[in-house]
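Listing of start.txt, compact mmCIF, C-alpha atoms
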# COMPACT_ATOMS: atom_id res chain seq x y z
CA MET A 1 -24.15 -4.23 16.47
CA SER A 2 -22.46 -0.91 17.19
CA PRO A 3 -19.38 0.11 15.17
CA CYS A 4 -17.18 -0.32 18.23
CA ALA A 5 -18.31 -3.95 18.57
CA GLU A 6 -17.34 -4.88 15.01
CA ARG A 7 -14.66 -7.53 14.67
CA VAL A 8 -11.58 -6.68 12.63
CA ALA A 9 -8.85 -8.97 11.35
CA VAL A 10 -5.48 -7.31 10.74
CA VAL A 11 -3.24 -8.87 8.09
CA ILE A 12 0.42 -7.80 7.99
CA VAL A 13 3.05 -8.95 5.47
CA THR A 14 6.63 -8.71 6.73
CA PHE A 15 10.03 -9.02 5.12
CA ASN A 16 13.06 -8.06 7.21
CA SER A 17 10.89 -5.44 8.87
CA GLY A 18 12.74 -5.38 12.20
CA PRO A 19 11.53 -3.95 15.53
CA LEU A 20 9.00 -1.69 13.86
CA ALA A 21 6.97 -4.75 12.81
CA VAL A 22 6.74 -5.82 16.46
CA GLU A 23 5.53 -2.36 17.48
CA CYS A 24 3.04 -2.43 14.61
CA VAL A 25 1.61 -5.76 15.79
CA GLU A 26 1.54 -4.70 19.44
CA ARG A 27 -0.41 -1.57 18.60
CA ALA A 28 -2.88 -3.56 16.50
CA LEU A 29 -3.45 -6.01 19.35
CA ARG A 30 -4.20 -3.13 21.72
CA ALA A 31 -7.18 -2.01 19.60
CA ALA A 32 -10.46 -3.20 21.13
CA GLN A 33 -11.96 -4.03 17.73
CA VAL A 34 -9.17 -6.42 16.70
CA ALA A 35 -10.24 -10.04 16.99
CA GLU A 36 -7.35 -11.56 15.07
CA VAL A 37 -3.95 -10.56 13.70
CA VAL A 38 -2.30 -12.65 11.00
CA VAL A 39 1.34 -11.96 10.16
CA VAL A 40 2.68 -13.53 6.97
CA ASP A 41 6.47 -13.49 6.84
CA ASN A 42 8.12 -13.64 3.41
CA ALA A 43 11.19 -15.56 4.66
CA SER A 44 12.77 -12.75 6.67
CA LYS A 45 16.42 -13.25 7.54
CA ASP A 46 16.63 -10.72 10.36
CA ASP A 47 15.30 -10.98 13.93
CA THR A 48 11.68 -10.42 12.88
CA PRO A 49 10.60 -14.12 12.96
CA ALA A 50 11.86 -14.80 16.49
CA ALA A 51 10.34 -11.60 17.87
CA LEU A 52 6.94 -12.21 16.29
CA GLN A 53 6.85 -15.88 17.28
CA ALA A 54 7.51 -14.86 20.88
CA LEU A 55 4.69 -12.33 20.67
CA ALA A 56 2.34 -15.00 19.23
CA ARG A 57 2.98 -17.19 22.27
CA GLN A 58 1.77 -14.36 24.50
CA ASP A 59 -1.49 -13.55 22.66
CA ALA A 60 -3.76 -16.18 21.13
CA ARG A 61 -5.21 -13.65 18.68
CA LEU A 62 -1.89 -13.50 16.82
CA ARG A 63 -1.02 -16.08 14.16
CA TYR A 64 2.42 -16.09 12.59
CA LEU A 65 2.71 -17.74 9.16
CA ARG A 66 6.12 -18.05 7.55
CA ASN A 67 6.71 -18.62 3.85
CA ALA A 68 9.69 -20.75 2.80
CA ARG A 69 10.73 -18.02 0.35
CA ASN A 70 9.76 -14.49 -0.59
CA LEU A 71 6.52 -14.91 -2.56
CA GLY A 72 5.88 -11.21 -3.03
CA PHE A 73 3.38 -8.95 -1.33
CA ALA A 74 0.16 -9.96 -3.10
CA THR A 75 0.65 -13.71 -2.68
CA ALA A 76 1.61 -13.35 0.98
CA LEU A 77 -1.31 -11.02 1.71
CA ASN A 78 -3.74 -13.43 0.06
CA ARG A 79 -2.47 -16.21 2.30
CA GLY A 80 -3.14 -14.03 5.32
CA LEU A 81 -6.58 -12.99 4.09
CA ALA A 82 -7.58 -16.63 3.62
CA ALA A 83 -6.67 -17.31 7.25
CA THR A 84 -9.12 -14.74 8.67
CA GLN A 85 -12.84 -14.84 9.44
CA SER A 86 -13.81 -11.36 10.69
CA PRO A 87 -16.31 -9.21 8.75
CA TRP A 88 -13.72 -6.42 8.44
CA ILE A 89 -10.11 -6.81 7.38
CA LEU A 90 -7.31 -4.28 7.72
CA SER A 91 -4.40 -4.74 5.31
CA LEU A 92 -1.59 -3.05 7.20
CA ASN A 93 2.07 -2.57 6.38
CA PRO A 94 4.52 -3.49 9.16
CA ASP A 95 5.82 0.09 9.19
CA CYS A 96 2.38 1.64 9.90
CA LEU A 97 1.61 2.54 13.51
CA LEU A 98 -2.05 2.67 14.61
CA GLU A 99 -3.35 5.03 17.26
CA ALA A 100 -5.66 3.66 19.95
CA ASP A 101 -8.85 5.04 18.38
CA THR A 102 -7.98 4.69 14.65
CA LEU A 103 -10.11 1.61 14.00
CA SER A 104 -13.08 2.67 16.11
CA GLN A 105 -13.32 5.98 14.24
CA LEU A 106 -12.85 4.36 10.85
CA LEU A 107 -15.52 1.72 11.50
CA ARG A 108 -17.93 4.42 12.62
CA ILE A 109 -17.41 6.24 9.32
CA ALA A 110 -17.65 3.00 7.33
CA THR A 111 -21.15 2.34 8.65
CA GLN A 112 -22.20 5.72 7.21
CA TYR A 113 -20.98 4.73 3.73
CA PRO A 114 -22.38 1.23 3.04
CA GLN A 115 -21.20 1.31 -0.57
CA ALA A 116 -17.56 1.78 0.46
CA GLY A 117 -15.78 -1.50 -0.22
CA MET A 118 -12.46 -0.25 1.08
CA LEU A 119 -11.38 2.74 3.14
CA GLY A 120 -8.08 4.54 3.60
CA CYS A 121 -6.84 7.54 5.52
CA VAL A 122 -4.03 10.11 5.55
CA LEU A 123 -0.64 8.41 5.78
CA LEU A 124 2.00 10.61 7.32
CA ASN A 125 5.76 10.68 6.85
CA PRO A 126 7.80 10.87 10.07
CA ASP A 127 8.12 14.63 9.45
CA GLY A 128 4.33 15.00 9.61
CA ARG A 129 3.71 15.59 5.90
CA GLU A 130 1.12 13.64 3.92
CA GLN A 131 2.61 10.84 1.84
CA ALA A 132 2.20 10.95 -1.90
CA GLY A 133 0.34 7.68 -2.45
CA CYS A 134 -2.48 7.64 0.09
CA ARG A 135 -5.02 9.24 -2.32
CA ARG A 136 -4.57 8.84 -6.05
CA HIS A 137 -6.12 9.34 -9.44
CA GLU A 138 -6.47 6.40 -11.81
CA PRO A 139 -3.03 5.87 -13.42
CA THR A 140 -4.15 6.06 -17.02
CA PRO A 141 -1.39 5.75 -19.65
CA MET A 142 -1.69 9.47 -20.40
CA ARG A 143 -1.35 10.49 -16.75
CA SER A 144 1.55 8.09 -16.29
CA LEU A 145 3.31 9.32 -19.39
CA ALA A 146 2.85 12.91 -18.26
CA ARG A 147 4.36 12.04 -14.87
CA ILE A 148 7.33 10.14 -16.31
CA LEU A 149 8.16 12.91 -18.80
CA HIS A 150 7.31 15.76 -16.37
CA LEU A 151 4.92 17.19 -18.94
CA PRO A 152 3.01 19.45 -16.49
CA ARG A 153 6.29 21.24 -15.76
CA TRP A 154 7.23 21.75 -19.40
CA LEU A 155 3.73 22.01 -20.88
CA PRO A 156 1.52 23.50 -18.14
CA PHE A 157 -1.25 24.29 -20.61
CA MET A 158 -1.98 20.54 -20.91
CA HIS A 159 -3.57 20.48 -17.43
CA VAL A 160 -2.86 16.78 -16.95
CA GLN A 161 -3.79 15.56 -13.46
CA ASP A 162 -0.98 14.13 -11.38
CA LEU A 163 -1.38 10.55 -10.20
CA ASN A 164 -0.93 11.51 -6.56
CA ARG A 165 -3.23 14.02 -4.88
CA HIS A 166 -1.19 14.97 -1.81
CA THR A 167 -0.56 18.46 -3.21
CA GLU A 168 -4.33 19.12 -3.21
CA ALA A 169 -5.99 20.57 -0.11
CA LEU A 170 -7.44 17.94 2.17
CA PRO A 171 -11.21 17.69 1.87
CA ASN A 172 -13.41 18.35 4.89
CA THR A 173 -15.35 15.11 4.60
CA PRO A 174 -14.70 11.57 3.32
CA ILE A 175 -14.55 11.43 -0.48
CA ALA A 176 -14.49 8.76 -3.15
CA VAL A 177 -11.10 8.45 -4.85
CA ASP A 178 -9.72 6.23 -7.58
CA ALA A 179 -7.16 4.56 -5.34
CA ILE A 180 -5.69 4.48 -1.85
CA SER A 181 -2.45 2.98 -0.57
CA GLY A 182 -2.09 -0.74 0.11
CA ALA A 183 -0.17 0.19 3.26
CA PHE A 184 -3.50 0.81 5.00
CA MET A 185 -6.75 -0.58 3.60
CA LEU A 186 -9.86 -1.38 5.61
CA LEU A 187 -11.91 -3.92 3.64
CA ARG A 188 -15.45 -5.21 3.92
CA ARG A 189 -15.17 -8.97 3.70
CA ALA A 190 -18.43 -9.23 1.75
CA ALA A 191 -17.07 -6.84 -0.88
CA MET A 192 -13.67 -8.54 -1.01
CA GLU A 193 -15.27 -11.94 -1.52
CA ARG A 194 -17.23 -10.57 -4.46
CA VAL A 195 -14.24 -8.77 -6.03
CA GLY A 196 -11.66 -11.46 -5.33
CA LEU A 197 -8.23 -11.44 -3.73
CA MET A 198 -5.19 -9.49 -4.91
CA ASP A 199 -3.74 -10.34 -8.32
CA GLU A 200 -0.71 -12.51 -7.58
CA GLY A 201 0.82 -11.61 -10.93
CA TYR A 202 2.25 -8.56 -9.16
CA PHE A 203 5.27 -9.20 -6.94
CA LEU A 204 5.67 -5.78 -5.33
CA HIS A 205 3.92 -2.46 -6.10
CA CYS A 206 0.82 -1.69 -8.23
CA GLU A 207 -1.16 -4.59 -6.78
CA ASP A 208 -3.04 -2.08 -4.61
CA LEU A 209 -3.90 0.04 -7.67
CA ASP A 210 -5.18 -3.09 -9.41
CA TRP A 211 -7.34 -4.01 -6.41
CA CYS A 212 -8.82 -0.50 -6.15
CA HIS A 213 -9.62 -0.59 -9.87
CA ARG A 214 -11.40 -3.93 -9.53
CA PHE A 215 -13.39 -2.77 -6.48
CA ARG A 216 -14.62 0.20 -8.52
CA GLN A 217 -15.42 -2.06 -11.47
CA HIS A 218 -17.72 -4.01 -9.14
CA GLY A 219 -19.54 -0.83 -8.11
CA TYR A 220 -17.87 -0.24 -4.74
CA THR A 221 -16.55 3.11 -3.56
CA VAL A 222 -12.91 3.52 -2.57
CA LEU A 223 -13.27 5.97 0.31
CA PHE A 224 -10.56 8.33 1.55
CA VAL A 225 -11.07 9.59 5.12
CA PRO A 226 -9.14 12.84 5.69
CA SER A 227 -9.88 13.15 9.40
CA LEU A 228 -7.80 10.05 10.32
CA ARG A 229 -4.03 9.93 10.26
CA VAL A 230 -1.59 7.02 10.54
CA LEU A 231 2.19 7.24 10.71
CA HIS A 232 3.88 5.29 7.90
CA VAL A 233 7.65 4.90 8.24
CA LYS A 234 7.92 4.11 4.56
CA GLY A 235 10.37 1.65 3.01
CA VAL A 236 11.47 -0.42 6.02
CA SER A 237 11.24 -3.66 4.02
CA SER A 238 12.36 -2.26 0.64
CA ARG A 239 16.06 -1.57 0.99
CA ARG A 240 17.19 -3.36 -2.20
CA ARG A 241 16.35 -0.37 -4.31
CA VAL A 242 17.19 -1.59 -7.83
CA ARG A 243 15.22 -4.81 -7.30
CA VAL A 244 12.31 -2.84 -5.87
CA GLU A 245 12.29 -0.46 -8.84
CA TRP A 246 12.36 -3.44 -11.23
CA HIS A 247 9.23 -4.90 -9.64
CA LYS A 248 7.55 -1.48 -9.52
CA HIS A 249 8.06 -0.82 -13.23
CA ARG A 250 7.12 -4.36 -14.16
CA GLY A 251 3.93 -3.87 -12.12
CA MET A 252 3.16 -0.65 -14.00
CA LEU A 253 3.29 -2.47 -17.32
CA ARG A 254 1.16 -5.34 -16.04
CA TYR A 255 -1.45 -2.82 -14.89
CA TYR A 256 -1.56 -1.00 -18.23
CA HIS A 257 -1.65 -4.24 -20.19
CA LYS A 258 -4.46 -5.61 -18.04
CA PHE A 259 -6.78 -2.59 -18.06
CA TYR A 260 -5.81 -0.39 -21.01
CA ARG A 261 -4.34 -2.32 -23.90
CA HIS A 262 -7.70 -2.37 -25.75
CA ARG A 263 -8.78 1.14 -24.73
CA TYR A 264 -5.87 3.26 -25.97
CA PRO A 265 -4.19 3.57 -29.38
CA VAL A 266 -1.34 1.13 -29.93
CA ALA A 267 1.06 4.05 -30.49
CA LEU A 268 0.30 5.58 -27.08
CA TYR A 269 0.54 2.21 -25.34
CA GLY A 270 3.90 1.60 -27.03
CA LEU A 271 5.13 5.04 -25.98
CA VAL A 272 4.19 4.33 -22.36
CA TRP A 273 5.93 0.95 -22.55
CA CYS A 274 9.15 2.55 -23.85
CA ALA A 275 8.96 5.39 -21.31
CA VAL A 276 8.56 2.98 -18.39
CA TRP A 277 11.60 0.90 -19.35
CA LEU A 278 13.65 4.02 -20.12
CA ARG A 279 12.79 5.43 -16.72
CA LEU A 280 13.87 2.18 -15.06
CA ALA A 281 17.16 2.15 -16.97
CA LEU A 282 17.93 5.72 -15.91
CA LEU A 283 17.06 4.96 -12.29
CA CYS A 284 19.31 1.90 -12.25
CA LEU A 285 22.17 4.06 -13.49
CA MET A 286 21.50 6.83 -10.99
CA LEU A 287 20.80 4.84 -7.83
CA PRO A 288 24.39 3.62 -7.23
CA LEU A 289 25.65 7.19 -7.70
CA LEU A 290 23.05 8.60 -5.32
CA ASP A 291 23.85 5.91 -2.74
CA SER A 292 27.58 6.68 -3.04
CA LEU A 293 26.98 10.41 -2.56
CA GLN A 294 24.78 9.69 0.45
CA ARG A 295 27.45 7.47 2.04
CA ARG A 296 30.14 10.10 1.47
CA HIS A 297 27.93 12.76 2.98
CA SER A 298 27.32 10.67 6.10
CA CYS A 299 30.98 9.64 6.44
CA ARG A 300 32.02 13.28 6.49
CA PHE A 301 30.59 13.51 9.99
CA ASP A 302 32.04 10.20 11.21
CA VAL A 303 35.73 11.08 10.76

Rewrite the structure from the file as structure tokens, please.
Amino acid sequence: MSPCAERVAVVIVTFNSGPLAVECVERALRAAQVAEVVVVDNASKDDTPAALQALARQDARLRYLRNARNLGFATALNRGLAATQSPWILSLNPDCLLEADTLSQLLRIATQYPQAGMLGCVLLNPDGREQAGCRRHEPTPMRSLARILHLPRWLPFMHVQDLNRHTEALPNTPIAVDAISGAFMLLRRAAMERVGLMDEGYFLHCEDLDWCHRFRQHGYTVLFVPSLRVLHVKGVSSRRRVRVEWHKHRGMLRYYHKFYRHRYPVALYGLVWCAVWLRLALLCLMLPLLDSLQRRHSCRFDV
């Protein structure tokens, strides 16, 4: 079977994602390789459910599943994954917009790298710049601590790698990386069935890092494809910033506890734990002030 004939299931988790989610689904359905699209809605309260249900009535490939309450990203995605049958699965955020040839090109590359269990590409901000999280180093406690405390800025001689690699030059060919973004992940079903689904202990954030880590533990390559680009209008479903930051920091600690508590000295693990919660506390204090300044700045032009 040629790469272009491969069947792909697209799984999208939505939560108050608005019109962009509809455009995301419509673009996915236009791709020739897409055999099924499963949208799992985490109890949206905007117009997303009605719009997607109407779209599902027009195309039999689209299934719309609605949760009674917000179960978090990992749990919702797992529900969508379990509802698919295709040999390839694309985990796609509702604020990612595919181009017509994105999947055909990615499948062609995937056949050249049989050990790649998951593949990602360059995610672009609306201004055309590469987003920080689409290619990453393993978030070891030392790297995370260096990032939280800005150690490379104050102690450049330490040469600690940043978690995100967007400041590095793009490679010329696909490369193995430690992690890609959960906003866009092409998965081999056979690999996913061996590794297992996402860890539902994460509510929001870090579940993609966990999954990448587990794929690598099972001997699969996490492949980053620099020649493909997808627009990611980041943060459409994450407007409750303090709550989002809470789940992000809680996810960080779950990740470190799960993979590193027996590999690093207790003192370093404790320092990371304290730094994570201190960072969250400072963010919670700063976010209302930043939001207030942003509102004042915008109102200046409305008077």

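Here CA of Leu124 in chain A stands at a distance of 6.7 Å from CA of Arg229 in chain A.
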
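Using all atoms listed in the file, the smallest distance between any of A:Arg136, A:Arg7, A:Lys258, A:Arg63 and Leu90 in chain A comes from A:Arg7.
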
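As for CA of Pro19 in chain A and CA of Val230 in chain A, they are spaced 17.8 Å apart.
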
Item to check | Gln131 in chain A environment, 12 Å, all atoms listed in the file, sequence neighbours closer than 5 positions dropped, as a ChimeraX atom specification | outcome: /A:121-126,136,164-168,180-181,183,229-234

Next on the checklist: Between CA of His205 in chain A and CA of Asp127 in chain A, what distance in Å does the model show, to one decimal?
Outcome noted: 23.5 Å

Around all of range 43-52 of chain A's listed atoms, make the axis-aligned box with 6 Å on each side and tell me centre and edge lengths in Å to one decimal, as lines of an AutoDock Vina configuration file.
center_x = 11.8
center_y = -13.0
center_z = 11.3
size_x = 21.7
size_y = 17.1
size_z = 25.2

Checklist entry - What residues have an atom no more than 8 Å from (-13.8, 6.7, -8.1) in the file's own frame, counting only C-alpha atoms, and can you write them as a PyMOL selection string? => result chain A and resi 176-179+216+221-222

Checklist entry - Which one of A:Ala74, A:Leu62, A:Met192, A:Val25 sits closest to Ile89 in chain A if you count all atoms listed in the file? => result A:Met192

Name all residues at most 10 Å from Pro49 in chain A (count only C-alpha atoms; drop same-chain ones fewer than 3 positions away) and give them as a PDB file with C-alpha atoms, in the coordinates of the input.
ATOM      1  CA  THR A  14       6.630  -8.710   6.730  1.00  0.00           C
ATOM      2  CA  PHE A  15      10.030  -9.020   5.120  1.00  0.00           C
ATOM      3  CA  ASN A  16      13.060  -8.060   7.210  1.00  0.00           C
ATOM      4  CA  SER A  17      10.890  -5.440   8.870  1.00  0.00           C
ATOM      5  CA  GLY A  18      12.740  -5.380  12.200  1.00  0.00           C
ATOM      6  CA  VAL A  22       6.740  -5.820  16.460  1.00  0.00           C
ATOM      7  CA  VAL A  39       1.340 -11.960  10.160  1.00  0.00           C
ATOM      8  CA  VAL A  40       2.680 -13.530   6.970  1.00  0.00           C
ATOM      9  CA  ASP A  41       6.470 -13.490   6.840  1.00  0.00           C
ATOM     10  CA  ASN A  42       8.120 -13.640   3.410  1.00  0.00           C
ATOM     11  CA  ALA A  43      11.190 -15.560   4.660  1.00  0.00           C
ATOM     12  CA  SER A  44      12.770 -12.750   6.670  1.00  0.00           C
ATOM     13  CA  LYS A  45      16.420 -13.250   7.540  1.00  0.00           C
ATOM     14  CA  ASP A  46      16.630 -10.720  10.360  1.00  0.00           C
ATOM     15  CA  LEU A  52       6.940 -12.210  16.290  1.00  0.00           C
ATOM     16  CA  GLN A  53       6.850 -15.880  17.280  1.00  0.00           C
ATOM     17  CA  ALA A  54       7.510 -14.860  20.880  1.00  0.00           C
ATOM     18  CA  LEU A  55       4.690 -12.330  20.670  1.00  0.00           C
ATOM     19  CA  TYR A  64       2.420 -16.090  12.590  1.00  0.00           C
ATOM     20  CA  LEU A  65       2.710 -17.740   9.160  1.00  0.00           C
ATOM     21  CA  ARG A  66       6.120 -18.050   7.550  1.00  0.00           C
TER      22      ARG A  66
END

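By only C-alpha atoms, and with residues fewer than 3 positions from Asn93 in chain A along its chain excluded, the set lying at most 8 Å from it is A:Ile12, A:Val13, A:Thr14, A:Cys96, A:Gly182, A:Ala183, A:Phe184.
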
Report as a compact mmCIF listing (two decimals) with C-alpha atoms, keeping the file's coordinate frame all protein, DNA and RNA residues lying within 12 Å of range 28-37 of chain A, evaluated on all atoms listed in the file, omitting residues in the same chain fewer than 6 positions from it.
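Writing done, so here's selection-v4.txt:
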# COMPACT_ATOMS: atom_id res chain seq x y z
CA SER A 2 -22.46 -0.91 17.19
CA PRO A 3 -19.38 0.11 15.17
CA CYS A 4 -17.18 -0.32 18.23
CA ALA A 5 -18.31 -3.95 18.57
CA GLU A 6 -17.34 -4.88 15.01
CA ARG A 7 -14.66 -7.53 14.67
CA VAL A 8 -11.58 -6.68 12.63
CA ALA A 9 -8.85 -8.97 11.35
CA VAL A 10 -5.48 -7.31 10.74
CA VAL A 11 -3.24 -8.87 8.09
CA ILE A 12 0.42 -7.80 7.99
CA VAL A 13 3.05 -8.95 5.47
CA ALA A 21 6.97 -4.75 12.81
CA VAL A 22 6.74 -5.82 16.46
CA LEU A 52 6.94 -12.21 16.29
CA LEU A 55 4.69 -12.33 20.67
CA ALA A 56 2.34 -15.00 19.23
CA GLN A 58 1.77 -14.36 24.50
CA ASP A 59 -1.49 -13.55 22.66
CA ALA A 60 -3.76 -16.18 21.13
CA ARG A 61 -5.21 -13.65 18.68
CA LEU A 62 -1.89 -13.50 16.82
CA ARG A 63 -1.02 -16.08 14.16
CA TYR A 64 2.42 -16.09 12.59
CA LEU A 65 2.71 -17.74 9.16
CA GLY A 80 -3.14 -14.03 5.32
CA LEU A 81 -6.58 -12.99 4.09
CA ALA A 83 -6.67 -17.31 7.25
CA THR A 84 -9.12 -14.74 8.67
CA GLN A 85 -12.84 -14.84 9.44
CA SER A 86 -13.81 -11.36 10.69
CA PRO A 87 -16.31 -9.21 8.75
CA TRP A 88 -13.72 -6.42 8.44
CA ILE A 89 -10.11 -6.81 7.38
CA LEU A 90 -7.31 -4.28 7.72
CA SER A 91 -4.40 -4.74 5.31
CA LEU A 92 -1.59 -3.05 7.20
CA ASN A 93 2.07 -2.57 6.38
CA PRO A 94 4.52 -3.49 9.16
CA ASP A 95 5.82 0.09 9.19
CA CYS A 96 2.38 1.64 9.90
CA LEU A 97 1.61 2.54 13.51
CA LEU A 98 -2.05 2.67 14.61
CA GLU A 99 -3.35 5.03 17.26
CA ALA A 100 -5.66 3.66 19.95
CA ASP A 101 -8.85 5.04 18.38
CA THR A 102 -7.98 4.69 14.65
CA LEU A 103 -10.11 1.61 14.00
CA SER A 104 -13.08 2.67 16.11
CA GLN A 105 -13.32 5.98 14.24
CA LEU A 106 -12.85 4.36 10.85
CA LEU A 107 -15.52 1.72 11.50
CA ARG A 108 -17.93 4.42 12.62

Checklist entry - Using only C-alpha atoms, which residues sit within 10 Å of Gly201 in chain A once same-chain residues fewer than 5 positions away are excluded, as a VMD selection string? => result chain A and resid 72 74 to 75 207 251 254 to 255

Next on the checklist: Please determine, counting all atoms listed in the file, which residue among A:Glu23, A:Ala191, A:Met142, A:Tyr260 has the shortest atom-to-atom distance to Val272 in chain A.
Outcome noted: A:Met142

Next on the checklist: Is it possible to get the residues within 12 Å of (-1.9, 6.7, -13.3) (coordinates as in the file, counting all atoms listed in the file) written as number ranges by chain?
Outcome noted: A: 133, 135-148, 160-165, 178-179, 206, 209-210, 213, 252-253, 255-256, 259-260, 272

Since the input has fewer atoms than a full residue there, write range 61-78 of chain A out with N, CA and C atoms, as a PDB file, in the frame of the given file.
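Wrote rebuild.pdb, looks like this:
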ATOM      1  N   ARG A  61      -4.624 -14.276  19.875  1.00  0.00           N
ATOM      2  CA  ARG A  61      -5.210 -13.650  18.680  1.00  0.00           C
ATOM      3  C   ARG A  61      -4.214 -13.530  17.542  1.00  0.00           C
ATOM      4  N   LEU A  62      -2.928 -13.683  17.836  1.00  0.00           N
ATOM      5  CA  LEU A  62      -1.890 -13.500  16.820  1.00  0.00           C
ATOM      6  C   LEU A  62      -1.466 -14.838  16.226  1.00  0.00           C
ATOM      7  N   ARG A  63      -1.522 -14.910  14.884  1.00  0.00           N
ATOM      8  CA  ARG A  63      -1.020 -16.080  14.160  1.00  0.00           C
ATOM      9  C   ARG A  63       0.156 -15.642  13.305  1.00  0.00           C
ATOM     10  N   TYR A  64       1.222 -16.404  13.375  1.00  0.00           N
ATOM     11  CA  TYR A  64       2.420 -16.090  12.590  1.00  0.00           C
ATOM     12  C   TYR A  64       2.612 -17.181  11.545  1.00  0.00           C
ATOM     13  N   LEU A  65       2.546 -16.803  10.273  1.00  0.00           N
ATOM     14  CA  LEU A  65       2.710 -17.740   9.160  1.00  0.00           C
ATOM     15  C   LEU A  65       3.988 -17.370   8.417  1.00  0.00           C
ATOM     16  N   ARG A  66       4.841 -18.327   8.199  1.00  0.00           N
ATOM     17  CA  ARG A  66       6.120 -18.050   7.550  1.00  0.00           C
ATOM     18  C   ARG A  66       6.206 -18.777   6.215  1.00  0.00           C
ATOM     19  N   ASN A  67       6.494 -18.026   5.160  1.00  0.00           N
ATOM     20  CA  ASN A  67       6.710 -18.620   3.850  1.00  0.00           C
ATOM     21  C   ASN A  67       8.155 -19.116   3.730  1.00  0.00           C
ATOM     22  N   ALA A  68       8.349 -20.187   2.962  1.00  0.00           N
ATOM     23  CA  ALA A  68       9.690 -20.750   2.800  1.00  0.00           C
ATOM     24  C   ALA A  68      10.591 -19.832   1.967  1.00  0.00           C
ATOM     25  N   ARG A  69       9.977 -18.988   1.148  1.00  0.00           N
ATOM     26  CA  ARG A  69      10.730 -18.020   0.350  1.00  0.00           C
ATOM     27  C   ARG A  69       9.873 -16.779   0.155  1.00  0.00           C
ATOM     28  N   ASN A  70      10.479 -15.734  -0.359  1.00  0.00           N
ATOM     29  CA  ASN A  70       9.760 -14.490  -0.590  1.00  0.00           C
ATOM     30  C   ASN A  70       8.809 -14.655  -1.783  1.00  0.00           C
ATOM     31  N   LEU A  71       7.521 -14.689  -1.522  1.00  0.00           N
ATOM     32  CA  LEU A  71       6.520 -14.910  -2.560  1.00  0.00           C
ATOM     33  C   LEU A  71       5.953 -13.608  -3.115  1.00  0.00           C
ATOM     34  N   GLY A  72       6.429 -12.479  -2.609  1.00  0.00           N
ATOM     35  CA  GLY A  72       5.880 -11.210  -3.030  1.00  0.00           C
ATOM     36  C   GLY A  72       4.737 -10.775  -2.137  1.00  0.00           C
ATOM     37  N   PHE A  73       4.384  -9.506  -2.241  1.00  0.00           N
ATOM     38  CA  PHE A  73       3.380  -8.950  -1.330  1.00  0.00           C
ATOM     39  C   PHE A  73       1.994  -9.535  -1.572  1.00  0.00           C
ATOM     40  N   ALA A  74       1.536  -9.544  -2.817  1.00  0.00           N
ATOM     41  CA  ALA A  74       0.160  -9.960  -3.100  1.00  0.00           C
ATOM     42  C   ALA A  74      -0.093 -11.404  -2.680  1.00  0.00           C
ATOM     43  N   THR A  75       0.823 -12.299  -3.021  1.00  0.00           N
ATOM     44  CA  THR A  75       0.650 -13.710  -2.680  1.00  0.00           C
ATOM     45  C   THR A  75       0.639 -13.909  -1.167  1.00  0.00           C
ATOM     46  N   ALA A  76       1.546 -13.222  -0.477  1.00  0.00           N
ATOM     47  CA  ALA A  76       1.610 -13.350   0.980  1.00  0.00           C
ATOM     48  C   ALA A  76       0.349 -12.772   1.631  1.00  0.00           C
ATOM     49  N   LEU A  77      -0.100 -11.619   1.139  1.00  0.00           N
ATOM     50  CA  LEU A  77      -1.310 -11.020   1.710  1.00  0.00           C
ATOM     51  C   LEU A  77      -2.510 -11.946   1.502  1.00  0.00           C
ATOM     52  N   ASN A  78      -2.620 -12.525   0.326  1.00  0.00           N
ATOM     53  CA  ASN A  78      -3.740 -13.430   0.060  1.00  0.00           C
ATOM     54  C   ASN A  78      -3.732 -14.619   1.021  1.00  0.00           C
TER      55      ASN A  78
END
